[in-house]
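J.: This one is model.cif, mmCIF, C-alpha atoms.
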data_upload
loop_
_atom_site.label_atom_id
_atom_site.label_comp_id
_atom_site.auth_asym_id
_atom_site.auth_seq_id
_atom_site.Cartn_x
_atom_site.Cartn_y
_atom_site.Cartn_z
CA MET U 1 0.00 0.00 0.00
CA HIS U 2 1.49 3.33 -1.09
CA ARG U 3 1.52 6.24 1.32
CA GLN U 4 -1.09 8.81 0.40
CA LEU U 5 0.34 11.94 -1.19
CA ASP U 6 0.18 15.08 0.90
CA GLN U 7 -1.38 18.30 -0.38
CA ARG U 8 1.93 19.75 -1.52
CA GLU U 9 2.72 16.63 -3.54
CA LEU U 10 -0.74 16.60 -5.11
CA GLU U 11 -0.44 20.27 -6.04
CA ALA U 12 2.95 19.64 -7.66
CA ILE U 13 1.36 17.09 -9.97
CA ARG U 14 -1.71 19.25 -10.55
CA GLY U 15 0.63 21.96 -11.76
CA LEU U 16 1.60 19.75 -14.72
CA SER U 17 -0.44 19.29 -17.88
CA THR U 18 -1.56 15.76 -18.70
CA CYS U 19 0.78 15.96 -21.72
CA ALA U 20 3.75 16.70 -19.44
CA ILE U 21 2.66 13.88 -17.11
CA SER U 22 2.49 11.46 -20.03
CA ASN U 23 5.99 12.46 -21.16
CA ALA U 24 7.34 12.09 -17.64
CA ILE U 25 5.84 8.62 -17.16
CA GLU U 26 7.56 7.52 -20.37
CA LEU U 27 10.89 8.38 -18.76
CA PHE U 28 10.41 5.59 -16.20
CA ASN U 29 9.87 2.99 -18.94
CA ILE U 30 7.29 1.03 -16.94
CA LEU U 31 4.38 1.14 -19.41
CA PRO U 32 3.96 0.81 -23.16
CA ARG U 33 3.53 4.27 -24.67
CA ASN U 34 -0.02 3.48 -25.82
CA GLU U 35 -1.31 2.67 -22.32
CA GLY U 36 -2.11 4.48 -19.10
CA PHE U 37 -4.47 7.16 -20.40
CA MET U 38 -8.00 7.49 -21.75
CA LEU U 39 -8.47 7.57 -25.49
CA PRO U 40 -9.86 10.53 -27.43
CA GLY U 41 -13.63 10.58 -27.00
CA ILE U 42 -13.62 11.22 -23.26
CA GLU U 43 -13.99 15.00 -23.43
CA CYS U 44 -13.30 17.68 -20.85
CA ARG U 45 -16.56 19.62 -20.49
CA PHE U 46 -15.13 22.50 -18.42
CA PRO U 47 -11.55 23.22 -19.53
CA GLU U 48 -11.73 26.60 -17.81
CA LEU U 49 -11.69 24.81 -14.43
CA GLY U 50 -8.08 23.75 -14.97
CA THR U 51 -6.66 20.44 -13.81
CA MET U 52 -8.57 17.80 -11.86
CA ILE U 53 -6.67 15.40 -9.59
CA GLY U 54 -8.00 12.79 -7.20
CA TYR U 55 -8.19 9.16 -6.14
CA ALA U 56 -10.67 7.05 -8.07
CA VAL U 57 -13.99 5.83 -6.74
CA THR U 58 -15.52 3.39 -9.24
CA ALA U 59 -18.98 2.26 -10.28
CA VAL U 60 -20.93 0.68 -13.12
CA ILE U 61 -24.31 2.11 -14.13
CA SER U 62 -27.14 1.56 -16.59
CA THR U 63 -29.77 4.04 -17.77
CA ASP U 64 -31.59 2.25 -20.59
CA GLN U 65 -33.98 0.06 -18.56
CA PRO U 66 -35.29 0.05 -14.97
CA GLY U 67 -33.02 -1.77 -12.54
CA ASN U 68 -34.54 -4.57 -10.47
CA LYS U 69 -31.58 -5.41 -8.22
CA GLY U 70 -29.41 -2.35 -8.43
CA VAL U 71 -26.97 -1.10 -5.81
CA GLU U 72 -28.42 1.45 -3.38
CA ILE U 73 -27.01 4.95 -3.80
CA ILE U 74 -26.41 5.15 -0.05
CA ASP U 75 -24.13 2.11 -0.29
CA PHE U 76 -22.17 3.98 -2.96
CA TRP U 77 -21.84 7.02 -0.72
CA ASN U 78 -20.36 4.81 1.98
CA GLU U 79 -18.01 3.28 -0.59
CA ILE U 80 -16.84 6.77 -1.57
CA LEU U 81 -15.75 7.53 1.97
CA LYS U 82 -13.36 4.55 1.94
CA ILE U 83 -11.15 6.37 -0.57
CA PRO U 84 -8.95 9.29 0.57
CA GLU U 85 -9.68 12.84 -0.56
CA PRO U 86 -9.61 14.37 -3.07
CA ARG U 87 -11.82 11.88 -4.91
CA VAL U 88 -12.73 11.44 -8.57
CA VAL U 89 -15.78 9.34 -9.43
CA ALA U 90 -15.10 7.07 -12.43
CA ILE U 91 -18.21 5.47 -13.91
CA HIS U 92 -18.64 2.93 -16.69
CA ASP U 93 -21.99 3.01 -18.49
CA SER U 94 -22.81 -0.61 -19.33
CA ASP U 95 -25.51 0.13 -21.92
CA ILE U 96 -24.86 -0.68 -25.57
CA GLN U 97 -26.46 2.65 -26.44
CA VAL U 98 -26.05 5.43 -23.88
CA VAL U 99 -29.49 6.87 -23.18
CA GLY U 100 -29.31 8.99 -20.05
CA SER U 101 -27.00 10.55 -17.48
CA PHE U 102 -26.09 9.54 -13.95
CA TRP U 103 -24.67 13.04 -13.49
CA GLY U 104 -26.53 16.31 -13.07
CA ASP U 105 -26.86 19.27 -10.73
CA VAL U 106 -28.12 17.36 -7.68
CA ARG U 107 -25.67 14.46 -7.83
CA SER U 108 -22.74 16.80 -8.47
CA ASN U 109 -23.56 18.84 -5.36
CA ILE U 110 -23.93 15.67 -3.29
CA HIS U 111 -20.64 14.18 -4.44
CA ARG U 112 -18.83 17.48 -4.10
CA ARG U 113 -19.94 17.54 -0.47
CA LEU U 114 -18.58 14.00 -0.11
CA GLY U 115 -15.09 15.16 -1.07
CA CYS U 116 -15.26 14.47 -4.80
CA VAL U 117 -13.80 17.02 -7.20
CA GLY U 118 -15.12 15.63 -10.46
CA ALA U 119 -16.48 12.76 -12.50
CA VAL U 120 -15.16 10.74 -15.45
CA THR U 121 -17.52 8.54 -17.47
CA ASP U 122 -17.86 6.84 -20.81
CA GLY U 123 -21.55 7.66 -20.46
CA ALA U 124 -23.27 11.03 -20.36
CA VAL U 125 -23.49 14.16 -18.20
CA ARG U 126 -26.05 16.97 -18.09
CA ASP U 127 -26.95 20.25 -16.31
CA LEU U 128 -23.69 21.70 -17.61
CA ASP U 129 -24.26 25.34 -16.62
CA GLU U 130 -25.26 24.49 -13.06
CA VAL U 131 -22.39 22.06 -12.54
CA ARG U 132 -19.83 24.45 -14.02
CA ARG U 133 -20.88 27.09 -11.50
CA ILE U 134 -19.98 24.88 -8.53
CA GLY U 135 -16.56 24.04 -10.02
CA PHE U 136 -17.19 20.30 -10.35
CA HIS U 137 -15.21 18.71 -13.20
CA PHE U 138 -16.98 16.69 -15.89
CA PHE U 139 -15.21 14.36 -18.35
CA SER U 140 -17.58 12.34 -20.51
CA ARG U 141 -18.18 10.73 -23.88
CA TYR U 142 -21.66 12.21 -24.25
CA VAL U 143 -23.98 14.97 -23.09
CA ALA U 144 -27.62 14.00 -22.51
CA VAL U 145 -30.94 15.67 -21.72
CA SER U 146 -32.41 13.00 -19.41
CA HIS U 147 -31.38 10.85 -16.46
CA ALA U 148 -33.62 8.13 -17.95
CA TYR U 149 -33.56 4.98 -15.76
CA ASN U 150 -30.12 5.59 -14.29
CA HIS U 151 -29.16 3.19 -11.53
CA LEU U 152 -26.03 1.65 -10.07
CA VAL U 153 -25.16 -1.88 -11.16
CA ASP U 154 -21.92 -2.38 -9.22
CA ILE U 155 -19.49 -0.36 -7.11
CA GLY U 156 -15.89 -0.49 -5.92
CA ILE U 157 -14.57 -2.73 -8.70
CA PRO U 158 -12.04 -2.27 -11.52
CA ILE U 159 -13.75 -0.74 -14.55
CA GLU U 160 -12.76 0.35 -18.03
CA VAL U 161 -13.42 3.90 -19.19
CA GLY U 162 -12.11 5.20 -22.50
CA GLY U 163 -9.74 2.26 -22.89
CA LEU U 164 -8.20 2.79 -19.43
CA THR U 165 -8.64 0.31 -16.59
CA VAL U 166 -9.44 2.26 -13.42
CA LYS U 167 -9.23 0.64 -10.00
CA PRO U 168 -10.46 2.09 -6.71
CA GLY U 169 -7.73 4.33 -5.27
CA ASP U 170 -5.94 4.99 -8.58
CA LEU U 171 -4.60 8.53 -8.93
CA ILE U 172 -6.44 10.20 -11.81
CA VAL U 173 -5.51 13.51 -13.47
CA GLY U 174 -7.60 15.27 -16.11
CA ASP U 175 -7.41 18.53 -18.03
CA LYS U 176 -8.41 19.95 -21.44
CA HIS U 177 -6.27 17.31 -23.18
CA GLY U 178 -7.85 14.28 -21.52
CA VAL U 179 -7.45 11.92 -18.58
CA ILE U 180 -4.40 9.98 -17.40
CA SER U 181 -3.63 7.59 -14.55
CA VAL U 182 -0.52 8.29 -12.47
CA PRO U 183 1.23 5.17 -11.08
CA LEU U 184 1.43 5.80 -7.35
CA ASP U 185 4.90 4.30 -6.98
CA LEU U 186 6.41 7.06 -9.12
CA ALA U 187 4.03 9.93 -8.33
CA ARG U 188 6.46 11.77 -6.04
CA ASP U 189 9.21 11.73 -8.66
CA LEU U 190 6.94 12.85 -11.47
CA PRO U 191 7.49 16.65 -11.20
CA LYS U 192 11.29 16.23 -11.31
CA ALA U 193 11.03 13.87 -14.30
CA ALA U 194 8.78 16.35 -16.06
CA ARG U 195 11.34 19.13 -15.52
CA LEU U 196 14.09 17.01 -17.09
CA ILE U 197 12.05 16.52 -20.22
CA GLU U 198 10.93 20.14 -20.31
CA GLU U 199 14.56 21.30 -20.17
CA ARG U 200 15.46 19.20 -23.22
CA GLU U 201 12.38 20.35 -25.12
CA ARG U 202 13.07 23.98 -24.21
CA THR U 203 16.57 23.71 -25.68
CA ILE U 204 15.09 22.62 -29.02
CA ILE U 205 12.25 25.16 -28.98
CA ASP U 206 14.55 28.06 -28.06
CA TYR U 207 16.93 27.09 -30.85
CA CYS U 208 14.06 26.97 -33.37
CA ARG U 209 13.23 30.56 -32.36
CA SER U 210 16.83 31.73 -32.53
CA PRO U 211 18.08 33.93 -35.40
CA ASP U 212 21.11 31.62 -35.52
CA PHE U 213 18.98 28.60 -36.49
CA THR U 214 20.43 26.11 -38.97
CA LEU U 215 19.34 22.59 -39.87
CA GLU U 216 22.70 21.27 -38.74
CA GLY U 217 22.30 22.93 -35.35
CA LEU U 218 18.78 21.49 -35.02
CA ILE U 219 20.00 17.98 -35.83
CA GLU U 220 22.75 18.29 -33.23
CA ARG U 221 20.31 19.30 -30.50
CA TYR U 222 17.66 16.80 -31.54
CA ARG U 223 20.17 13.96 -31.41
CA ALA U 224 21.50 14.98 -28.01
CA PRO U 225 21.09 12.23 -25.37
CA ARG U 226 17.59 12.10 -23.95
CA PRO U 227 17.02 12.34 -20.18
CA ARG U 228 17.26 9.09 -18.24
CA TRP U 229 15.85 7.96 -14.91
CA PRO U 230 17.15 7.82 -12.22
CA ALA U 231 17.97 11.45 -12.75
CA SER U 232 21.66 12.30 -12.76
CA ARG U 233 21.04 15.37 -10.62
#
If you convert what's in this file into structure tokens, what do you get?

T.:
Amino acid sequence: MHRQLDQRELEAIRGLSTCAISNAIELFNILPRNEGFMLPGIECRFPELGTMIGYAVTAVISTDQPGNKGVEIIDFWNEILKIPEPRVVAIHDSDIQVVGSFWGDVRSNIHRRLGCVGAVTDGAVRDLDEVRRIGFHFFSRYVAVSHAYNHLVDIGIPIEVGGLTVKPGDLIVGDKHGVISVPLDLARDLPKAARLIEERERTIIDYCRSPDFTLEGLIERYRAPRPRWPASR
């Protein structure tokens, strides 16, 4: 069990874009480069809110037909409190065709009060203006007009959203680019790794903007050794 990150450590990661986080994770060489993040299609509904970061609470829902033996919402609220704050609710919509939304104004206010900062779903969200006003993040595949027959099917289990497997307690970061999972065993080193990559990229960018630019100079800088981890400094 990894020690929970403190507020300073969480803020250091939240200060990075998901693109910078993705680059930094590559430096550790622990995942294939086509894994660890949600695919295009899970869209940030409120990019003006900046970066969302939190530990995942998971559930499976359905909205297409009435549920006969669904999970009680109160049981889900108790499940939420088992995960440390800040929390992100990750929900998989099990319907073949997404019909309605689990998320709206009321549920967003409830979950915000329960220490959740946002929601990620391959289903739908609604009440966008109201939810934006309270600063609750929405990442979703769809926007819908109705809650239809929304009900919980399962809670507290690994789920798949946007091609990413999300387990309870996973550290999730989302911004205008998308959503990524941060491996907890490297989370504290992530800001330093991101700086190493940024320094190399800045060298190339600054040279491209220089009046002394030549193709030969670009090739030299581009072929310079890439950062390695553990960091040399």

J.: If you count all atoms listed in the file, which residues fall within 12 Å of U:Pro86, apart from same-chain ones fewer than 6 positions away, as an MDAnalysis selection string?

T.: chainID U and resid 4:7 10:11 14 52:57 80 111:119 169:173

J.: Given the point (-31.8, 6.0, -21.4) in the coordinates of this file, which residues lie within 10 Å, counting only C-alpha atoms, and how would they look as a list in words?

T.: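 I get Ser62, Thr63, Asp64, Gln65, Pro66, Asp95, Gln97, Val98, Val99, Gly100, Ser101, Ala124, Ala144, Val145, Ser146, His147, Ala148, Tyr149 and Asn150 of chain U for the residues within 10 Å of that point.
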
J.: Hey, which of U:Lys176, U:Arg107, U:Arg133, U:His151 ends up closest to U:Ser94? Count all atoms listed in the file.

T.: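 Of the candidates, the smallest distance to U:Ser94 is held by U:His151.
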
J.: Against stretch 178-190 of chain U, which residues of stretch 40-150 of chain U fall within 7 Å? For each one I want the closest pair of atoms and the distance in Å (one decimal), counting only C-alpha atoms, rows by chain and increasing residue number, as a Markdown table.

T.:
| residue | atom | partner | partner_atom | distance |
| --- | --- | --- | --- | --- |
| U:Ile42 | CA | U:Gly178 | CA | 6.8 |
| U:Glu43 | CA | U:Gly178 | CA | 6.5 |
| U:Cys44 | CA | U:Gly178 | CA | 6.5 |

J.: Keeping only C-alpha atoms, take the residues you just selected and write them out as a compact mmCIF listing (two decimals), keeping the file's coordinate frame.

T.:
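Now in selection32.txt:
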# COMPACT_ATOMS: atom_id res chain seq x y z
CA ILE U 42 -13.62 11.22 -23.26
CA GLU U 43 -13.99 15.00 -23.43
CA CYS U 44 -13.30 17.68 -20.85

J.: Quick one: apply the PyMOL selection byres ((chain U and resi 19) around 12) to the file and drop the selected residues here as a count of residues only.

T.: 27

J.: Using all atoms listed in the file, I'd like a table of the residues in stretch 6-71 of chain U that come within 7 Å of stretch 155-163 of chain U; for each, show the closest atom pair and its distance in Å rounded to one decimal, ordered by chain and ascending number, as a tab-separated table.

T.:
residue	atom	partner	partner_atom	distance
U:Met38	CA	U:Gly162	CA	4.8
U:Leu39	CA	U:Gly162	CA	5.3
U:Ile42	CA	U:Gly162	CA	6.3
U:Val57	CA	U:Gly156	CA	6.7
U:Thr58	CA	U:Gly156	CA	5.1
U:Ala59	CA	U:Ile155	CA	4.1
U:Val60	CA	U:Ile155	CA	6.3

J.: For U:Ser140, which residue out of U:Val89, U:Val166, U:Ile204, U:Leu218 is the nearest one, using only C-alpha atoms?

T.: U:Val89

J.: I'd like to know which of U:Ile205, U:Leu152, U:Leu164, U:Ala193 is closest to U:Val71, using only C-alpha atoms.

T.: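 Ranked by minimum distance to U:Val71, first place goes to U:Leu152.
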
J.: What box, with edges along x, y and z, holds each listed atom of stretch 155-172 of chain U when 5 Å is added on every side, and can you state its centre and edge lengths in Å to one decimal, as AutoDock Vina command-line options?

T.:
--center_x -12.0 --center_y 3.7 --center_z -14.1 --size_x 24.9 --size_y 22.9 --size_z 27.6

J.: Apply the PyMOL selection byres ((chain U and resi 134) around 9) to the file shown and report the selected residues as a PyMOL selection string.

T.: chain U and resi 108-109+112+130-133+135-136

J.: Tell me, in Å to one decimal, how far atom CA of U:Asp93 is from atom CA of U:Gly36.

T.: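 Between atom CA of U:Asp93 and atom CA of U:Gly36 the gap is 19.9 Å.
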
J.: Between U:Ile61, U:Arg223, U:Thr203, U:Arg195, which is the closest to U:Ile73 once you count all atoms listed in the file?

T.: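 Among the listed residues, the smallest separation from U:Ile73 belongs to U:Ile61.
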
J.: When you draw a straight line from atom CA of U:Asp212 to atom CA of U:Arg226, how long is it in Å?

T.: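 Pair atom CA of U:Asp212 / atom CA of U:Arg226 returns 23.0 Å.
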
J.: Selecting C-alpha atoms, how would stretch 3-135 of chain U from this structure be written as a PDB file, in the first residue's frame?

T.:
ATOM      1  CA  ARG U   3       1.520   6.244   1.318  1.00  0.00           C
ATOM      2  CA  GLN U   4      -1.095   8.814   0.401  1.00  0.00           C
ATOM      3  CA  LEU U   5       0.344  11.936  -1.192  1.00  0.00           C
ATOM      4  CA  ASP U   6       0.185  15.082   0.904  1.00  0.00           C
ATOM      5  CA  GLN U   7      -1.378  18.298  -0.375  1.00  0.00           C
ATOM      6  CA  ARG U   8       1.930  19.752  -1.517  1.00  0.00           C
ATOM      7  CA  GLU U   9       2.723  16.634  -3.542  1.00  0.00           C
ATOM      8  CA  LEU U  10      -0.743  16.595  -5.110  1.00  0.00           C
ATOM      9  CA  GLU U  11      -0.440  20.267  -6.044  1.00  0.00           C
ATOM     10  CA  ALA U  12       2.955  19.642  -7.656  1.00  0.00           C
ATOM     11  CA  ILE U  13       1.359  17.086  -9.971  1.00  0.00           C
ATOM     12  CA  ARG U  14      -1.706  19.248 -10.546  1.00  0.00           C
ATOM     13  CA  GLY U  15       0.635  21.964 -11.763  1.00  0.00           C
ATOM     14  CA  LEU U  16       1.603  19.754 -14.721  1.00  0.00           C
ATOM     15  CA  SER U  17      -0.439  19.286 -17.881  1.00  0.00           C
ATOM     16  CA  THR U  18      -1.556  15.759 -18.699  1.00  0.00           C
ATOM     17  CA  CYS U  19       0.776  15.956 -21.723  1.00  0.00           C
ATOM     18  CA  ALA U  20       3.746  16.695 -19.439  1.00  0.00           C
ATOM     19  CA  ILE U  21       2.662  13.884 -17.111  1.00  0.00           C
ATOM     20  CA  SER U  22       2.490  11.459 -20.031  1.00  0.00           C
ATOM     21  CA  ASN U  23       5.987  12.463 -21.165  1.00  0.00           C
ATOM     22  CA  ALA U  24       7.344  12.093 -17.637  1.00  0.00           C
ATOM     23  CA  ILE U  25       5.841   8.624 -17.158  1.00  0.00           C
ATOM     24  CA  GLU U  26       7.558   7.515 -20.375  1.00  0.00           C
ATOM     25  CA  LEU U  27      10.892   8.381 -18.761  1.00  0.00           C
ATOM     26  CA  PHE U  28      10.411   5.587 -16.198  1.00  0.00           C
ATOM     27  CA  ASN U  29       9.871   2.991 -18.940  1.00  0.00           C
ATOM     28  CA  ILE U  30       7.294   1.027 -16.943  1.00  0.00           C
ATOM     29  CA  LEU U  31       4.379   1.142 -19.415  1.00  0.00           C
ATOM     30  CA  PRO U  32       3.964   0.812 -23.162  1.00  0.00           C
ATOM     31  CA  ARG U  33       3.526   4.269 -24.671  1.00  0.00           C
ATOM     32  CA  ASN U  34      -0.015   3.477 -25.824  1.00  0.00           C
ATOM     33  CA  GLU U  35      -1.311   2.670 -22.322  1.00  0.00           C
ATOM     34  CA  GLY U  36      -2.108   4.483 -19.100  1.00  0.00           C
ATOM     35  CA  PHE U  37      -4.467   7.163 -20.400  1.00  0.00           C
ATOM     36  CA  MET U  38      -8.003   7.490 -21.746  1.00  0.00           C
ATOM     37  CA  LEU U  39      -8.473   7.566 -25.491  1.00  0.00           C
ATOM     38  CA  PRO U  40      -9.863  10.528 -27.425  1.00  0.00           C
ATOM     39  CA  GLY U  41     -13.628  10.582 -27.004  1.00  0.00           C
ATOM     40  CA  ILE U  42     -13.619  11.222 -23.261  1.00  0.00           C
ATOM     41  CA  GLU U  43     -13.987  14.996 -23.433  1.00  0.00           C
ATOM     42  CA  CYS U  44     -13.305  17.682 -20.852  1.00  0.00           C
ATOM     43  CA  ARG U  45     -16.559  19.618 -20.492  1.00  0.00           C
ATOM     44  CA  PHE U  46     -15.129  22.496 -18.417  1.00  0.00           C
ATOM     45  CA  PRO U  47     -11.548  23.217 -19.530  1.00  0.00           C
ATOM     46  CA  GLU U  48     -11.727  26.600 -17.810  1.00  0.00           C
ATOM     47  CA  LEU U  49     -11.687  24.809 -14.425  1.00  0.00           C
ATOM     48  CA  GLY U  50      -8.076  23.751 -14.971  1.00  0.00           C
ATOM     49  CA  THR U  51      -6.655  20.441 -13.811  1.00  0.00           C
ATOM     50  CA  MET U  52      -8.570  17.798 -11.856  1.00  0.00           C
ATOM     51  CA  ILE U  53      -6.671  15.401  -9.591  1.00  0.00           C
ATOM     52  CA  GLY U  54      -7.998  12.790  -7.204  1.00  0.00           C
ATOM     53  CA  TYR U  55      -8.189   9.162  -6.138  1.00  0.00           C
ATOM     54  CA  ALA U  56     -10.668   7.054  -8.074  1.00  0.00           C
ATOM     55  CA  VAL U  57     -13.989   5.825  -6.744  1.00  0.00           C
ATOM     56  CA  THR U  58     -15.516   3.385  -9.242  1.00  0.00           C
ATOM     57  CA  ALA U  59     -18.982   2.257 -10.276  1.00  0.00           C
ATOM     58  CA  VAL U  60     -20.935   0.675 -13.124  1.00  0.00           C
ATOM     59  CA  ILE U  61     -24.307   2.115 -14.133  1.00  0.00           C
ATOM     60  CA  SER U  62     -27.143   1.557 -16.587  1.00  0.00           C
ATOM     61  CA  THR U  63     -29.769   4.039 -17.769  1.00  0.00           C
ATOM     62  CA  ASP U  64     -31.593   2.245 -20.588  1.00  0.00           C
ATOM     63  CA  GLN U  65     -33.978   0.060 -18.561  1.00  0.00           C
ATOM     64  CA  PRO U  66     -35.289   0.055 -14.967  1.00  0.00           C
ATOM     65  CA  GLY U  67     -33.021  -1.773 -12.539  1.00  0.00           C
ATOM     66  CA  ASN U  68     -34.541  -4.566 -10.468  1.00  0.00           C
ATOM     67  CA  LYS U  69     -31.577  -5.413  -8.222  1.00  0.00           C
ATOM     68  CA  GLY U  70     -29.410  -2.353  -8.429  1.00  0.00           C
ATOM     69  CA  VAL U  71     -26.975  -1.101  -5.812  1.00  0.00           C
ATOM     70  CA  GLU U  72     -28.417   1.446  -3.380  1.00  0.00           C
ATOM     71  CA  ILE U  73     -27.006   4.953  -3.804  1.00  0.00           C
ATOM     72  CA  ILE U  74     -26.407   5.146  -0.047  1.00  0.00           C
ATOM     73  CA  ASP U  75     -24.126   2.106  -0.294  1.00  0.00           C
ATOM     74  CA  PHE U  76     -22.174   3.978  -2.957  1.00  0.00           C
ATOM     75  CA  TRP U  77     -21.838   7.021  -0.724  1.00  0.00           C
ATOM     76  CA  ASN U  78     -20.359   4.812   1.983  1.00  0.00           C
ATOM     77  CA  GLU U  79     -18.008   3.285  -0.593  1.00  0.00           C
ATOM     78  CA  ILE U  80     -16.838   6.765  -1.573  1.00  0.00           C
ATOM     79  CA  LEU U  81     -15.749   7.526   1.973  1.00  0.00           C
ATOM     80  CA  LYS U  82     -13.364   4.546   1.942  1.00  0.00           C
ATOM     81  CA  ILE U  83     -11.154   6.371  -0.571  1.00  0.00           C
ATOM     82  CA  PRO U  84      -8.954   9.290   0.572  1.00  0.00           C
ATOM     83  CA  GLU U  85      -9.678  12.842  -0.557  1.00  0.00           C
ATOM     84  CA  PRO U  86      -9.608  14.370  -3.072  1.00  0.00           C
ATOM     85  CA  ARG U  87     -11.819  11.884  -4.913  1.00  0.00           C
ATOM     86  CA  VAL U  88     -12.734  11.439  -8.566  1.00  0.00           C
ATOM     87  CA  VAL U  89     -15.783   9.336  -9.432  1.00  0.00           C
ATOM     88  CA  ALA U  90     -15.099   7.072 -12.427  1.00  0.00           C
ATOM     89  CA  ILE U  91     -18.209   5.467 -13.910  1.00  0.00           C
ATOM     90  CA  HIS U  92     -18.637   2.930 -16.693  1.00  0.00           C
ATOM     91  CA  ASP U  93     -21.995   3.006 -18.494  1.00  0.00           C
ATOM     92  CA  SER U  94     -22.810  -0.613 -19.328  1.00  0.00           C
ATOM     93  CA  ASP U  95     -25.507   0.132 -21.919  1.00  0.00           C
ATOM     94  CA  ILE U  96     -24.856  -0.676 -25.572  1.00  0.00           C
ATOM     95  CA  GLN U  97     -26.463   2.645 -26.443  1.00  0.00           C
ATOM     96  CA  VAL U  98     -26.045   5.428 -23.882  1.00  0.00           C
ATOM     97  CA  VAL U  99     -29.485   6.866 -23.177  1.00  0.00           C
ATOM     98  CA  GLY U 100     -29.310   8.987 -20.046  1.00  0.00           C
ATOM     99  CA  SER U 101     -27.003  10.546 -17.485  1.00  0.00           C
ATOM    100  CA  PHE U 102     -26.094   9.539 -13.949  1.00  0.00           C
ATOM    101  CA  TRP U 103     -24.675  13.038 -13.492  1.00  0.00           C
ATOM    102  CA  GLY U 104     -26.533  16.315 -13.067  1.00  0.00           C
ATOM    103  CA  ASP U 105     -26.858  19.269 -10.734  1.00  0.00           C
ATOM    104  CA  VAL U 106     -28.116  17.363  -7.679  1.00  0.00           C
ATOM    105  CA  ARG U 107     -25.666  14.462  -7.834  1.00  0.00           C
ATOM    106  CA  SER U 108     -22.744  16.805  -8.472  1.00  0.00           C
ATOM    107  CA  ASN U 109     -23.561  18.838  -5.363  1.00  0.00           C
ATOM    108  CA  ILE U 110     -23.932  15.667  -3.288  1.00  0.00           C
ATOM    109  CA  HIS U 111     -20.644  14.178  -4.443  1.00  0.00           C
ATOM    110  CA  ARG U 112     -18.826  17.478  -4.098  1.00  0.00           C
ATOM    111  CA  ARG U 113     -19.943  17.542  -0.468  1.00  0.00           C
ATOM    112  CA  LEU U 114     -18.577  13.996  -0.105  1.00  0.00           C
ATOM    113  CA  GLY U 115     -15.093  15.164  -1.073  1.00  0.00           C
ATOM    114  CA  CYS U 116     -15.256  14.467  -4.801  1.00  0.00           C
ATOM    115  CA  VAL U 117     -13.801  17.023  -7.203  1.00  0.00           C
ATOM    116  CA  GLY U 118     -15.123  15.632 -10.456  1.00  0.00           C
ATOM    117  CA  ALA U 119     -16.477  12.760 -12.504  1.00  0.00           C
ATOM    118  CA  VAL U 120     -15.165  10.741 -15.449  1.00  0.00           C
ATOM    119  CA  THR U 121     -17.519   8.545 -17.469  1.00  0.00           C
ATOM    120  CA  ASP U 122     -17.857   6.841 -20.810  1.00  0.00           C
ATOM    121  CA  GLY U 123     -21.545   7.661 -20.464  1.00  0.00           C
ATOM    122  CA  ALA U 124     -23.274  11.028 -20.359  1.00  0.00           C
ATOM    123  CA  VAL U 125     -23.489  14.157 -18.204  1.00  0.00           C
ATOM    124  CA  ARG U 126     -26.052  16.966 -18.090  1.00  0.00           C
ATOM    125  CA  ASP U 127     -26.953  20.249 -16.309  1.00  0.00           C
ATOM    126  CA  LEU U 128     -23.695  21.703 -17.605  1.00  0.00           C
ATOM    127  CA  ASP U 129     -24.263  25.336 -16.615  1.00  0.00           C
ATOM    128  CA  GLU U 130     -25.261  24.492 -13.064  1.00  0.00           C
ATOM    129  CA  VAL U 131     -22.386  22.062 -12.541  1.00  0.00           C
ATOM    130  CA  ARG U 132     -19.831  24.450 -14.025  1.00  0.00           C
ATOM    131  CA  ARG U 133     -20.878  27.093 -11.495  1.00  0.00           C
ATOM    132  CA  ILE U 134     -19.977  24.885  -8.530  1.00  0.00           C
ATOM    133  CA  GLY U 135     -16.558  24.039 -10.022  1.00  0.00           C
TER     134      GLY U 135
END
